[in-house]
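Trainee: Below: one structure in structure tokens.
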Amino acid sequence: MNRAALVTGGTRGIGAAISSALQSAGYKVAANYNNNDEAAEIFRNETGIFTCKWDVSDFNACTLGVKKVQDECGPVDILVNNAGITRDTVLHKMDVRQWSEVIKTNLDSVFNMTRTVIEGMRERQFGRIVSISSVNGQKGQIGQANYAAAKAGLIGFIKTVAQENARKGITANVIAPGYILTDMLQTIPRDLIEKKILPQIPADRLGKTEEIARCVVFLVSEESGWITGSTMSINGGQSMI
Ligand code: CAA
């Protein structure tokens, strides 16, 4: 299979698992990242996956970044919008910077990247777009007004992209993970996880990155062409919406 897949935030955490799973499924994968050069280098050495550094919250950087990826891997037929950050604090303590950093990185990025690849997908009459949302975008979460707003916002965006492009062989779907064992969870105090979060999860454990990645592989396959505009909740039963 020659199709190229681009994963934003694709060198660590859930993104790294997605990049690796797509590579194992036979795709040519490019993994974008923005900050952690060391992690990207380790990932590149371990997997041989092409890595490319740019800030997905910057539209012009996305244009240049996608061009580099296309030069290396060919036209981007599969886009996984995974890059995301948290700046958790309750609303009455949140400043404008904490709000806008999260909105830019987690929501503007989804526009920036999807807008950059959509015309090529339409011309080629094929595309698979998967955006990673969150259980907290579906249900809200103490300390995450910024994150929940961005993760809910992208669901409306993707449903629109799905409708506008369905006749062009393009699908657009959302995966909403619950609490997954990644570096992002390190920002939450351990006893909060044990006392407040785990009791909300019927499966009584955190998720694994691979449990998200396998769903991405399923959604981007040729055979999944009739699945579009959907939101898949993968959260151990924490929220069933
Ligand atoms: N679930 C349930 N209750 C929570 C909670 C959570 N995730 N987070 C905070 N609370 C509760 C606290 O237990 C506390 O309740 P009590 O007063 O009854 O003890 C109350 O909310 C206030 O919390 P803190 O005392 O911790 O207040 P703080 O101002 O020191 O910190 C906070 C607030 C920054 C929000 C901190 O509590 C925190 O980091 N919470 C975790 C928020 C969270 O779940 N983030 C998800 C990160 S992972 C992710 O984003 C990936 C994903 O998609 C799921």
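Every chain in the structure tokens has a letter given in the order shown (A, B, ...), and although residue numbers restart at 1 in each chain, ligands are simply numbered from 1 in the order shown.
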How would you write, as a list in words, the set of residues no farther than 7 Å from ligand 1 when counting only C-alpha atoms and all ligand atoms?
Mentor: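 What falls inside 7 Å of ligand 1 is Thr86, Asp88, Thr89, Val90, Ser133, Ser134, Val135, Asn136, Gln141, Ile142, Gly143, Gln144, Pro177, Gly178, Tyr179, Ile180, Met184, Leu185, Thr187, Ile188, Pro189, Leu192, Lys196 and Ile197 of chain A.
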Trainee: Among segment 27-240 of chain A, which ones does DSSP place in helix (DSSP H, G or I), written as a ChimeraX atom specification?
Mentor: /A:37-47,59-73,91-93,96-124,135-139,145-168,183-187,190-200,209-220,222-224
Trainee: If you count only C-alpha atoms, which residues fall within 7 Å of Leu181 of chain A, apart from same-chain ones fewer than 5 positions away, as a count of residues only?
Mentor: 4
Trainee: Just checking: using only C-alpha atoms, which residue out of A:Asp183, A:Lys68, A:Ala4, A:Asp58 ends up closest to Ala39 of chain A?
Mentor: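 The answer is A:Asp183, which sits nearest to Ala39 of chain A.
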Trainee: Between atom CA of Ile175 of chain A and atom CA of Ala149 of chain A, what is the spacing in Å?
Mentor: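 Atom CA of Ile175 of chain A lies 15.7 Å from atom CA of Ala149 of chain A.
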Trainee: Might you pull out every residue within 12 Å of Arg115 of chain A, with only C-alpha atoms counted and same-chain residues fewer than 2 positions away left off, and present them as a list in words?
Mentor: Val56, Phe59, Asn60, Cys62, Thr63, Val66, Leu79, Asn81, Asp108, Ser109, Val110, Phe111, Asn112, Met113, Val117, Ile118, Glu119, Gly120, Met121, Arg122, Ile129, Phe157, Ile158 and Val161 of chain A
Trainee: Considering only strand (DSSP E) as DSSP defines it on the backbone, what residues of segment 87-209 of chain A qualify? List them as a list of chain:residue names.
Mentor: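 Everything in segment 87-209 of chain A that counts as strand (DSSP E) is A:Gly127, A:Arg128, A:Ile129, A:Val130, A:Ser131, A:Ile132, A:Ile170, A:Thr171, A:Ala172, A:Asn173, A:Val174, A:Ile175, A:Ala176, A:Pro177.
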Trainee: Take the selection from the previous step and output its residues with N, CA and C atoms, as a PDB file, in the first residue's frame.
Mentor:
```
ATOM      1  N   GLY A 127      -9.722  10.425   0.715  1.00  0.00           N
ATOM      2  CA  GLY A 127      -9.105  11.006   1.905  1.00  0.00           C
ATOM      3  C   GLY A 127      -9.672  10.379   3.164  1.00  0.00           C
ATOM      4  N   ARG A 128      -8.835  10.326   4.187  1.00  0.00           N
ATOM      5  CA  ARG A 128      -9.277   9.848   5.497  1.00  0.00           C
ATOM      6  C   ARG A 128      -8.754  10.846   6.534  1.00  0.00           C
ATOM      7  N   ILE A 129      -9.673  11.440   7.266  1.00  0.00           N
ATOM      8  CA  ILE A 129      -9.281  12.404   8.298  1.00  0.00           C
ATOM      9  C   ILE A 129      -9.802  11.898   9.638  1.00  0.00           C
ATOM     10  N   VAL A 130      -8.918  11.809  10.597  1.00  0.00           N
ATOM     11  CA  VAL A 130      -9.323  11.415  11.950  1.00  0.00           C
ATOM     12  C   VAL A 130      -8.801  12.480  12.909  1.00  0.00           C
ATOM     13  N   SER A 131      -9.689  13.031  13.727  1.00  0.00           N
ATOM     14  CA  SER A 131      -9.260  14.014  14.724  1.00  0.00           C
ATOM     15  C   SER A 131      -9.451  13.435  16.113  1.00  0.00           C
ATOM     16  N   ILE A 132      -8.444  13.642  16.932  1.00  0.00           N
ATOM     17  CA  ILE A 132      -8.498  13.100  18.292  1.00  0.00           C
ATOM     18  C   ILE A 132      -9.104  14.149  19.226  1.00  0.00           C
ATOM     19  N   ILE A 170     -14.039  11.092   0.643  1.00  0.00           N
ATOM     20  CA  ILE A 170     -13.295  11.508   1.852  1.00  0.00           C
ATOM     21  C   ILE A 170     -14.168  11.255   3.079  1.00  0.00           C
ATOM     22  N   THR A 171     -13.583  10.619   4.088  1.00  0.00           N
ATOM     23  CA  THR A 171     -14.295  10.482   5.363  1.00  0.00           C
ATOM     24  C   THR A 171     -13.595  11.317   6.423  1.00  0.00           C
ATOM     25  N   ALA A 172     -14.376  11.778   7.374  1.00  0.00           N
ATOM     26  CA  ALA A 172     -13.826  12.547   8.497  1.00  0.00           C
ATOM     27  C   ALA A 172     -14.507  12.071   9.770  1.00  0.00           C
ATOM     28  N   ASN A 173     -13.718  11.609  10.705  1.00  0.00           N
ATOM     29  CA  ASN A 173     -14.260  11.043  11.943  1.00  0.00           C
ATOM     30  C   ASN A 173     -13.478  11.530  13.151  1.00  0.00           C
ATOM     31  N   VAL A 174     -14.092  11.338  14.305  1.00  0.00           N
ATOM     32  CA  VAL A 174     -13.474  11.756  15.568  1.00  0.00           C
ATOM     33  C   VAL A 174     -13.313  10.531  16.467  1.00  0.00           C
ATOM     34  N   ILE A 175     -12.191  10.481  17.165  1.00  0.00           N
ATOM     35  CA  ILE A 175     -12.041   9.515  18.255  1.00  0.00           C
ATOM     36  C   ILE A 175     -11.945  10.319  19.542  1.00  0.00           C
ATOM     37  N   ALA A 176     -12.737   9.940  20.516  1.00  0.00           N
ATOM     38  CA  ALA A 176     -12.728  10.645  21.800  1.00  0.00           C
ATOM     39  C   ALA A 176     -12.176   9.700  22.873  1.00  0.00           C
ATOM     40  N   PRO A 177     -10.864   9.760  23.109  1.00  0.00           N
ATOM     41  CA  PRO A 177     -10.292   8.877  24.138  1.00  0.00           C
ATOM     42  C   PRO A 177     -10.644   9.351  25.551  1.00  0.00           C
TER      43      PRO A 177
END
```
Trainee: Once you count only C-alpha atoms, what closest atom pair and distance in Å to one decimal does each residue of segment 46-95 of chain A within 10 Å of segment 217-223 of chain A have, with rows by chain and rising residue number, as JSON lines?
Mentor:
```
{"residue": "A:Asp77", "atom": "CA", "partner": "A:Val220", "partner_atom": "CA", "distance": 9.3}
{"residue": "A:Ile78", "atom": "CA", "partner": "A:Val220", "partner_atom": "CA", "distance": 6.9}
{"residue": "A:Leu79", "atom": "CA", "partner": "A:Val220", "partner_atom": "CA", "distance": 9.0}
{"residue": "A:Val80", "atom": "CA", "partner": "A:Val220", "partner_atom": "CA", "distance": 9.3}
```
Trainee: Mind writing the picked residues with C-alpha atoms as a PDB file, in the first residue's frame?
Mentor:
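After the write, selection-v3.pdb holds the following:
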```pdb
ATOM      1  CA  ASP A  77      -4.207  10.722   1.813  1.00  0.00           C
ATOM      2  CA  ILE A  78      -4.596  10.234   5.553  1.00  0.00           C
ATOM      3  CA  LEU A  79      -4.471  12.986   8.151  1.00  0.00           C
ATOM      4  CA  VAL A  80      -4.597  12.313  11.875  1.00  0.00           C
TER       5      VAL A  80
END
```
Trainee: Give me the residues near Ala30 of chain A as a PyMOL selection string, where near means some atom within 12 Å (using only C-alpha atoms) and where sequence neighbours in that chain fewer than 4 positions away do not count.
Mentor: chain A and resi 3-11+15-16+18-20+22-23+40+43-44+47-53+65-80
